[in-house]
Amino acid sequence: MLDRRLLAWAVVAVATTGCGGARAAGVGVGAAPDSTYDLVIANGRVVDGAGNAWFNGDVAIRGDRIARIVRRGQQAPLMARRTIDATGMVVAPGFIDIQAGGNYVSGDGRDVSKVTQGITTEIFGEAYTGAPISDLSLVDMTPAGAQTARRFMGPHGFDAWLRAMESHGISPNVGSFVGASTLRSYGMGMHMGAAPPAAMDSMRAAMRRAMEDGAFGLGSALIYPPGNYASTEELIELARAMSPYGGIYITHMRSEADQVLEGMDEALRIGKESGVPVEIYHLKAAGVRNWSKARAMLAKIDSARATGFDVQANMYPYTAGGTGLAACLPPFASADGKLMANLADDAARARIRAEVAHPTSFWESLCEQATPEGVLITGLRNPANQKWSGHRLSEIAAGMNKDWLDTVMDLLRAEQGNIGTIYFLMSEDNVRLFLQQPWMKIGTDAGGSDPDSTRSLVHPRSYGTYPRILGRYVRDERLISLEDAVRKMTSAVAERLLISDRGVLRPGMYADVVVFDPRRVRDNSTYERPLQLSTGVQTVLVNGVEVVRDGRHTGAKPGRVVRGSAWHPQGI
């Protein structure tokens, strides 16, 4: 069977050079020079995304594709129905977020805080995805959650979930890994312990079907239940199931703190024994006592790559992470979906307290790593607790006259377990060090947010990840070059995921384009006041349609599904 990527390039060649199409795609080629284009972005500083030096030029778009790119002065001005004057601006490929949060089967598909950063493609899959779904998956869901999830049951539920996002209407493109926690729930629900052979068979089969539906690989998060109930051996078996499809194992490691090096060893073992590449989510050394391990972490990756093993990583440019407050409790507290029941039971709370004081198995409490002073509570819905939103755990504990652990358990119980939390864990020196690595890519580890309707605080990475790099680390500190930063945001991700038609500015590629002012681009979101859009991103196109114009969202939702190279359309 003809390889789909070769077929895609063949179609591009015909579309851009005619049936005799032997010319290579590149600057100055594409549609005939006398064609009229739908849009020309003129007089910009073109950064192609591949890492090449910028040049002054024009980018012409017809329909949903880039039709032609010319250098300034190469020929007469290109004719177009509409022209954007990009004088003084950078014209780059749209940014591809390799670690997006959430999904868009309902709610606001505009993704305002993300597309206004220049993000045109969101890649989901850390731990959880909307599919695959089994009867076991439904047991611990809320009634509303189960009603939505049932839409994605069946052998091609993963495909149905992807299509549902596109049908709902979305501004960015979307694609996904398969959430390893979702697979675990598919076969085991919220039960702890080793998966028996029958459960493993069903999980492997679901993994294979998801790859055929267009997944990019397997995405784990091994600090959260039920993901941390899976053994190394179980993950190896799931990764083996996707190996023939060219999938990647991408992981939030079992430890990013005291055993971060051991966590890396586990990730490498999973990749080597299953025969798949490894990508590490949001590489970090968490906790002050672990900051000195950063260079050993880099050496471990570089050494593995020197032996021929493909391991890479991605990151966000902040010294704090963000997740739920339940990440401070031992894994057994959530087993069998009984977190709320355990928090209401004195004996279970005593067992949780004993495990925190004297762990009987390996796990890491983010509250202990950050210390209560470094734990910021971002959102509380219970009226009795709302006064504590935006306060540190140490302040809340003092105000409640409790120790930090009782405070955590009482808040979780009152809020039914859903409490957004920011953990200050990392070193700025390490952020700068990691950002310079050639195999590093950029992701937000965040969902989108609308500042006009969001009521709780969020992590500033939802609003500022990419402008923060372009403004602070490229322009102000000159830590990395403009071309390398854009490459880490675009083609490096596309190449990693084998997305052949996005991530660089070339004739024939989809017209995902961002235009930004290199002098003004900056993040405005802070931990205390996060709901502030970035500035300096003037225009964003997704599939040739403007989703951002003059720095404001247009309301357009032209996003499409992007899929892994193993995608096998149903019925073909």
# chains A, B, ... in the order shown; residues from 1 in each chain; ligands from 1
$ residues_around --residues "stretch 254-269 of chain A" --least-positions-apart "4" --cutoff "9 Å" --atoms "only C-alpha atoms" --output "NGL selection string"
:A and (221-224 or 228 or 232 or 236 or 249-250 or 273-274 or 277-280 or 283-287 or 289-291 or 293 or 296-297 or 300-301 or 304 or 309 or 311 or 363-364 or 369)
$ closest_atom_pairs --of "stretch 281-349 of chain A" --to "stretch 140-144 of chain A" --cutoff "9 Å" --atoms "only C-alpha atoms" --output "Markdown table"
| residue | atom | partner | partner_atom | distance |
| --- | --- | --- | --- | --- |
| A:Asp336 | CA | A:Asp140 | CA | 7.9 |
| A:Gly337 | CA | A:Asp140 | CA | 5.7 |
| A:Lys338 | CA | A:Asp140 | CA | 8.9 |
$ residues_around --residues "stretch 237-239 of chain A" --least-positions-apart "5" --cutoff "12 Å" --atoms "only C-alpha atoms" --output "PyMOL selection string"
chain A and resi 177-181+183-184+187+195+197+199-208+210-211+216-220+230-232+244-251+267-278
$ closest_residue --among "A:Tyr318, A:Phe424, A:Tyr473, A:Trp404" --to "A:Arg353" --atoms "only C-alpha atoms"
A:Trp404
$ closest_residue --among "A:Thr371, A:Gln99, A:Ser453, A:Asn314" --to "A:Glu126" --atoms "only C-alpha atoms"
A:Gln99
$ closest_residue --among "A:Gly503, A:Gly390, A:Pro317, A:Gly448" --to "A:Leu433" --atoms "only C-alpha atoms"
A:Pro317
$ select_by_dssp --residues "stretch 268-447 of chain A" --states "helix (DSSP H, G or I)" --output "MDAnalysis selection string"
chainID A and resid 268:274 288:306 325:328 331:337 339:343 346:357 366:370 372:374 386:388 393:400 404:414 428:435
$ residues_around --residues "stretch 485-502 of chain A" --least-positions-apart "2" --cutoff "6 Å" --atoms "only C-alpha atoms" --output "list in words"
Gly49, Ala50, Gly51, Phe95, Ile96, Lys441, Ile442, Leu482, Glu483, Val504, Met509 and Tyr510 of chain A
$ atom_distance --atom1 "atom CA of A:Ala80" --atom2 "atom CA of A:Ala556"
21.2 Å
$ select_by_dssp --residues "stretch 259-422 of chain A" --states "strand (DSSP E)" --output "CSV table (one decimal) with N, CA and C atoms, in the first residue's frame"
chain,number,residue,atom,x,y,z
A,278,VAL,N,11.0,7.7,22.6
A,278,VAL,CA,10.5,8.3,23.9
A,278,VAL,C,10.6,9.8,23.8
A,279,GLU,N,9.5,10.4,24.3
A,279,GLU,CA,9.4,11.8,24.4
A,279,GLU,C,9.1,12.1,25.9
A,280,ILE,N,9.8,13.0,26.6
A,280,ILE,CA,9.5,13.3,28.0
A,280,ILE,C,8.7,14.6,28.0
A,311,VAL,N,15.4,9.6,22.0
A,311,VAL,CA,14.7,10.2,23.2
A,311,VAL,C,14.9,11.7,23.1
A,312,GLN,N,13.8,12.4,23.2
A,312,GLN,CA,13.7,13.8,23.2
A,312,GLN,C,12.8,14.3,24.3
A,313,ALA,N,12.6,15.6,24.4
A,313,ALA,CA,11.8,16.2,25.4
A,313,ALA,C,11.1,17.5,25.0
A,314,ASN,N,10.2,18.0,25.8
A,314,ASN,CA,9.6,19.3,25.6
A,314,ASN,C,9.5,20.0,27.0
A,315,MET,N,9.1,21.2,26.9
A,315,MET,CA,9.0,22.0,28.2
A,315,MET,C,8.1,23.2,28.0
A,320,ALA,N,7.0,27.1,37.7
A,320,ALA,CA,5.9,26.5,38.5
A,320,ALA,C,5.2,25.6,37.6
A,321,GLY,N,4.7,24.5,38.1
A,321,GLY,CA,3.8,23.6,37.4
A,321,GLY,C,2.4,23.7,37.9
A,322,GLY,N,1.5,23.1,37.3
A,322,GLY,CA,0.1,23.2,37.7
A,322,GLY,C,-0.7,21.9,37.5
A,323,THR,N,-1.4,21.5,38.5
A,323,THR,CA,-2.3,20.3,38.4
A,323,THR,C,-3.3,20.4,39.5
A,324,GLY,N,-3.9,19.2,39.9
A,324,GLY,CA,-4.9,19.2,41.0
A,324,GLY,C,-4.2,19.1,42.3
A,375,VAL,N,2.7,26.4,47.3
A,375,VAL,CA,1.5,25.8,46.7
A,375,VAL,C,0.4,26.9,46.6
A,376,LEU,N,0.0,27.3,45.4
A,376,LEU,CA,-1.0,28.3,45.2
A,376,LEU,C,-2.3,27.7,44.7
A,377,ILE,N,-3.4,28.0,45.5
A,377,ILE,CA,-4.7,27.4,45.2
A,377,ILE,C,-5.4,28.4,44.2
A,420,GLY,N,-7.9,23.3,41.2
A,420,GLY,CA,-6.7,23.7,40.5
A,420,GLY,C,-5.6,24.3,41.4
A,421,THR,N,-4.4,23.9,41.1
A,421,THR,CA,-3.3,24.2,42.0
A,421,THR,C,-2.0,24.5,41.2
A,422,ILE,N,-1.3,25.5,41.6
A,422,ILE,CA,0.1,25.8,41.0
A,422,ILE,C,1.1,25.5,42.1
$ residues_around --residues "A:Ser106" --least-positions-apart "5" --cutoff "9 Å" --atoms "only C-alpha atoms" --output "list in words"
Ala164, Met165, His168 and Gly169 of chain A
$ decode --residues "stretch 15-141 of chain A" --atoms "C-alpha atoms" --output "PDB file, in the first residue's frame"
ATOM      1  CA  ALA A  15      -1.300  21.230  -6.800  1.00  0.00           C
ATOM      2  CA  THR A  16       1.712  23.544  -6.760  1.00  0.00           C
ATOM      3  CA  THR A  17       3.646  22.736  -9.934  1.00  0.00           C
ATOM      4  CA  GLY A  18       1.127  21.217 -12.346  1.00  0.00           C
ATOM      5  CA  CYS A  19       0.934  17.667 -13.682  1.00  0.00           C
ATOM      6  CA  GLY A  20       4.517  17.769 -14.882  1.00  0.00           C
ATOM      7  CA  GLY A  21       5.473  18.655 -11.263  1.00  0.00           C
ATOM      8  CA  ALA A  22       9.182  17.946 -11.010  1.00  0.00           C
ATOM      9  CA  ARG A  23      10.129  21.202  -9.282  1.00  0.00           C
ATOM     10  CA  ALA A  24      11.019  21.053  -5.608  1.00  0.00           C
ATOM     11  CA  ALA A  25       8.943  23.054  -3.177  1.00  0.00           C
ATOM     12  CA  GLY A  26      10.793  26.104  -1.917  1.00  0.00           C
ATOM     13  CA  VAL A  27      11.095  29.878  -2.037  1.00  0.00           C
ATOM     14  CA  GLY A  28       9.835  31.324  -5.282  1.00  0.00           C
ATOM     15  CA  VAL A  29       7.988  28.264  -6.535  1.00  0.00           C
ATOM     16  CA  GLY A  30       4.346  27.302  -6.497  1.00  0.00           C
ATOM     17  CA  ALA A  31       1.427  28.638  -8.487  1.00  0.00           C
ATOM     18  CA  ALA A  32       2.086  30.621 -11.665  1.00  0.00           C
ATOM     19  CA  PRO A  33       3.395  34.147 -10.953  1.00  0.00           C
ATOM     20  CA  ASP A  34       0.403  35.819 -12.639  1.00  0.00           C
ATOM     21  CA  SER A  35      -2.158  34.029 -10.441  1.00  0.00           C
ATOM     22  CA  THR A  36      -4.434  35.974  -8.147  1.00  0.00           C
ATOM     23  CA  TYR A  37      -4.218  34.737  -4.564  1.00  0.00           C
ATOM     24  CA  ASP A  38      -6.766  34.909  -1.787  1.00  0.00           C
ATOM     25  CA  LEU A  39      -4.286  36.531   0.582  1.00  0.00           C
ATOM     26  CA  VAL A  40      -0.728  37.804   0.446  1.00  0.00           C
ATOM     27  CA  ILE A  41       1.239  38.548   3.611  1.00  0.00           C
ATOM     28  CA  ALA A  42       3.686  41.083   2.216  1.00  0.00           C
ATOM     29  CA  ASN A  43       6.969  42.645   3.312  1.00  0.00           C
ATOM     30  CA  GLY A  44       7.497  40.395   6.323  1.00  0.00           C
ATOM     31  CA  ARG A  45      10.579  38.829   7.853  1.00  0.00           C
ATOM     32  CA  VAL A  46       9.951  35.213   6.904  1.00  0.00           C
ATOM     33  CA  VAL A  47      11.113  32.586   9.431  1.00  0.00           C
ATOM     34  CA  ASP A  48      10.325  29.291   7.727  1.00  0.00           C
ATOM     35  CA  GLY A  49      10.273  27.091  10.863  1.00  0.00           C
ATOM     36  CA  ALA A  50      12.974  24.732   9.650  1.00  0.00           C
ATOM     37  CA  GLY A  51      15.721  26.673  11.424  1.00  0.00           C
ATOM     38  CA  ASN A  52      16.931  28.529   8.328  1.00  0.00           C
ATOM     39  CA  ALA A  53      17.951  32.164   8.553  1.00  0.00           C
ATOM     40  CA  TRP A  54      15.111  34.640   8.099  1.00  0.00           C
ATOM     41  CA  PHE A  55      14.649  36.566   4.863  1.00  0.00           C
ATOM     42  CA  ASN A  56      12.426  39.435   3.710  1.00  0.00           C
ATOM     43  CA  GLY A  57       9.600  38.184   1.571  1.00  0.00           C
ATOM     44  CA  ASP A  58       5.948  37.622   0.763  1.00  0.00           C
ATOM     45  CA  VAL A  59       3.746  34.620   1.506  1.00  0.00           C
ATOM     46  CA  ALA A  60       0.798  33.967  -0.824  1.00  0.00           C
ATOM     47  CA  ILE A  61      -2.175  31.822   0.198  1.00  0.00           C
ATOM     48  CA  ARG A  62      -4.890  30.265  -1.917  1.00  0.00           C
ATOM     49  CA  GLY A  63      -7.695  28.443  -0.137  1.00  0.00           C
ATOM     50  CA  ASP A  64      -6.289  26.463   2.789  1.00  0.00           C
ATOM     51  CA  ARG A  65      -2.735  26.160   1.421  1.00  0.00           C
ATOM     52  CA  ILE A  66       0.395  28.221   1.040  1.00  0.00           C
ATOM     53  CA  ALA A  67       0.637  28.767  -2.708  1.00  0.00           C
ATOM     54  CA  ARG A  68       3.848  30.746  -3.167  1.00  0.00           C
ATOM     55  CA  ILE A  69       6.710  32.364  -1.224  1.00  0.00           C
ATOM     56  CA  VAL A  70       8.982  34.950  -2.823  1.00  0.00           C
ATOM     57  CA  ARG A  71      11.900  36.973  -1.573  1.00  0.00           C
ATOM     58  CA  ARG A  72      11.563  40.728  -1.549  1.00  0.00           C
ATOM     59  CA  GLY A  73      12.592  42.132  -4.927  1.00  0.00           C
ATOM     60  CA  GLN A  74      12.491  38.709  -6.576  1.00  0.00           C
ATOM     61  CA  GLN A  75       9.599  39.769  -8.819  1.00  0.00           C
ATOM     62  CA  ALA A  76       6.704  42.212  -9.128  1.00  0.00           C
ATOM     63  CA  PRO A  77       4.251  42.326  -6.194  1.00  0.00           C
ATOM     64  CA  LEU A  78       1.953  39.314  -5.989  1.00  0.00           C
ATOM     65  CA  MET A  79      -1.665  39.957  -6.892  1.00  0.00           C
ATOM     66  CA  ALA A  80      -4.225  39.114  -4.209  1.00  0.00           C
ATOM     67  CA  ARG A  81      -7.813  39.734  -3.202  1.00  0.00           C
ATOM     68  CA  ARG A  82      -6.478  40.928   0.141  1.00  0.00           C
ATOM     69  CA  THR A  83      -3.022  41.929   1.353  1.00  0.00           C
ATOM     70  CA  ILE A  84      -1.655  42.133   4.897  1.00  0.00           C
ATOM     71  CA  ASP A  85       1.289  44.512   5.193  1.00  0.00           C
ATOM     72  CA  ALA A  86       3.735  42.741   7.518  1.00  0.00           C
ATOM     73  CA  THR A  87       6.447  45.403   7.442  1.00  0.00           C
ATOM     74  CA  GLY A  88       8.493  45.047  10.630  1.00  0.00           C
ATOM     75  CA  MET A  89       6.752  41.784  11.484  1.00  0.00           C
ATOM     76  CA  VAL A  90       7.894  38.172  11.610  1.00  0.00           C
ATOM     77  CA  VAL A  91       5.927  35.703   9.489  1.00  0.00           C
ATOM     78  CA  ALA A  92       6.241  32.145  10.810  1.00  0.00           C
ATOM     79  CA  PRO A  93       4.420  28.827  10.756  1.00  0.00           C
ATOM     80  CA  GLY A  94       1.650  28.457  13.308  1.00  0.00           C
ATOM     81  CA  PHE A  95       2.877  27.039  16.615  1.00  0.00           C
ATOM     82  CA  ILE A  96       2.135  23.387  17.427  1.00  0.00           C
ATOM     83  CA  ASP A  97       1.475  22.754  21.112  1.00  0.00           C
ATOM     84  CA  ILE A  98       2.741  19.224  21.787  1.00  0.00           C
ATOM     85  CA  GLN A  99       1.133  19.170  25.241  1.00  0.00           C
ATOM     86  CA  ALA A 100      -2.274  20.767  25.158  1.00  0.00           C
ATOM     87  CA  GLY A 101      -4.803  20.232  27.918  1.00  0.00           C
ATOM     88  CA  GLY A 102      -8.486  19.359  27.772  1.00  0.00           C
ATOM     89  CA  ASN A 103     -10.496  18.720  24.626  1.00  0.00           C
ATOM     90  CA  TYR A 104     -13.236  20.478  22.677  1.00  0.00           C
ATOM     91  CA  VAL A 105     -16.263  18.218  22.297  1.00  0.00           C
ATOM     92  CA  SER A 106     -18.314  20.893  24.077  1.00  0.00           C
ATOM     93  CA  GLY A 107     -17.918  24.397  25.412  1.00  0.00           C
ATOM     94  CA  ASP A 108     -15.906  27.220  23.867  1.00  0.00           C
ATOM     95  CA  GLY A 109     -13.979  25.933  20.865  1.00  0.00           C
ATOM     96  CA  ARG A 110     -12.358  29.299  20.159  1.00  0.00           C
ATOM     97  CA  ASP A 111      -9.408  28.493  22.436  1.00  0.00           C
ATOM     98  CA  VAL A 112      -8.875  32.212  22.924  1.00  0.00           C
ATOM     99  CA  SER A 113      -5.838  32.264  25.218  1.00  0.00           C
ATOM    100  CA  LYS A 114      -4.004  29.771  23.027  1.00  0.00           C
ATOM    101  CA  VAL A 115      -4.610  31.011  19.480  1.00  0.00           C
ATOM    102  CA  THR A 116      -3.805  34.586  20.526  1.00  0.00           C
ATOM    103  CA  GLN A 117      -0.338  33.254  21.373  1.00  0.00           C
ATOM    104  CA  GLY A 118       0.015  31.992  17.781  1.00  0.00           C
ATOM    105  CA  ILE A 119      -0.935  28.363  18.476  1.00  0.00           C
ATOM    106  CA  THR A 120      -2.639  26.773  15.464  1.00  0.00           C
ATOM    107  CA  THR A 121      -2.497  23.077  16.415  1.00  0.00           C
ATOM    108  CA  GLU A 122      -3.167  21.443  19.788  1.00  0.00           C
ATOM    109  CA  ILE A 123      -1.927  17.921  20.596  1.00  0.00           C
ATOM    110  CA  PHE A 124      -3.702  16.197  23.505  1.00  0.00           C
ATOM    111  CA  GLY A 125      -3.052  12.929  25.299  1.00  0.00           C
ATOM    112  CA  GLU A 126      -1.218  13.343  28.613  1.00  0.00           C
ATOM    113  CA  ALA A 127      -2.861  10.591  30.699  1.00  0.00           C
ATOM    114  CA  TYR A 128      -6.456  11.136  29.601  1.00  0.00           C
ATOM    115  CA  THR A 129      -8.287  11.245  26.281  1.00  0.00           C
ATOM    116  CA  GLY A 130     -11.952  11.112  25.353  1.00  0.00           C
ATOM    117  CA  ALA A 131     -11.559   7.530  24.107  1.00  0.00           C
ATOM    118  CA  PRO A 132     -11.295   4.564  24.117  1.00  0.00           C
ATOM    119  CA  ILE A 133     -14.217   3.923  26.478  1.00  0.00           C
ATOM    120  CA  SER A 134     -15.492   0.657  27.970  1.00  0.00           C
ATOM    121  CA  ASP A 135     -18.160  -0.178  30.543  1.00  0.00           C
ATOM    122  CA  LEU A 136     -15.398  -0.174  33.183  1.00  0.00           C
ATOM    123  CA  SER A 137     -14.442   3.363  32.151  1.00  0.00           C
ATOM    124  CA  LEU A 138     -17.929   4.595  32.997  1.00  0.00           C
ATOM    125  CA  VAL A 139     -18.107   3.238  36.539  1.00  0.00           C
ATOM    126  CA  ASP A 140     -16.346   6.126  38.283  1.00  0.00           C
ATOM    127  CA  MET A 141     -17.594   8.943  36.050  1.00  0.00           C
TER     128      MET A 141
END
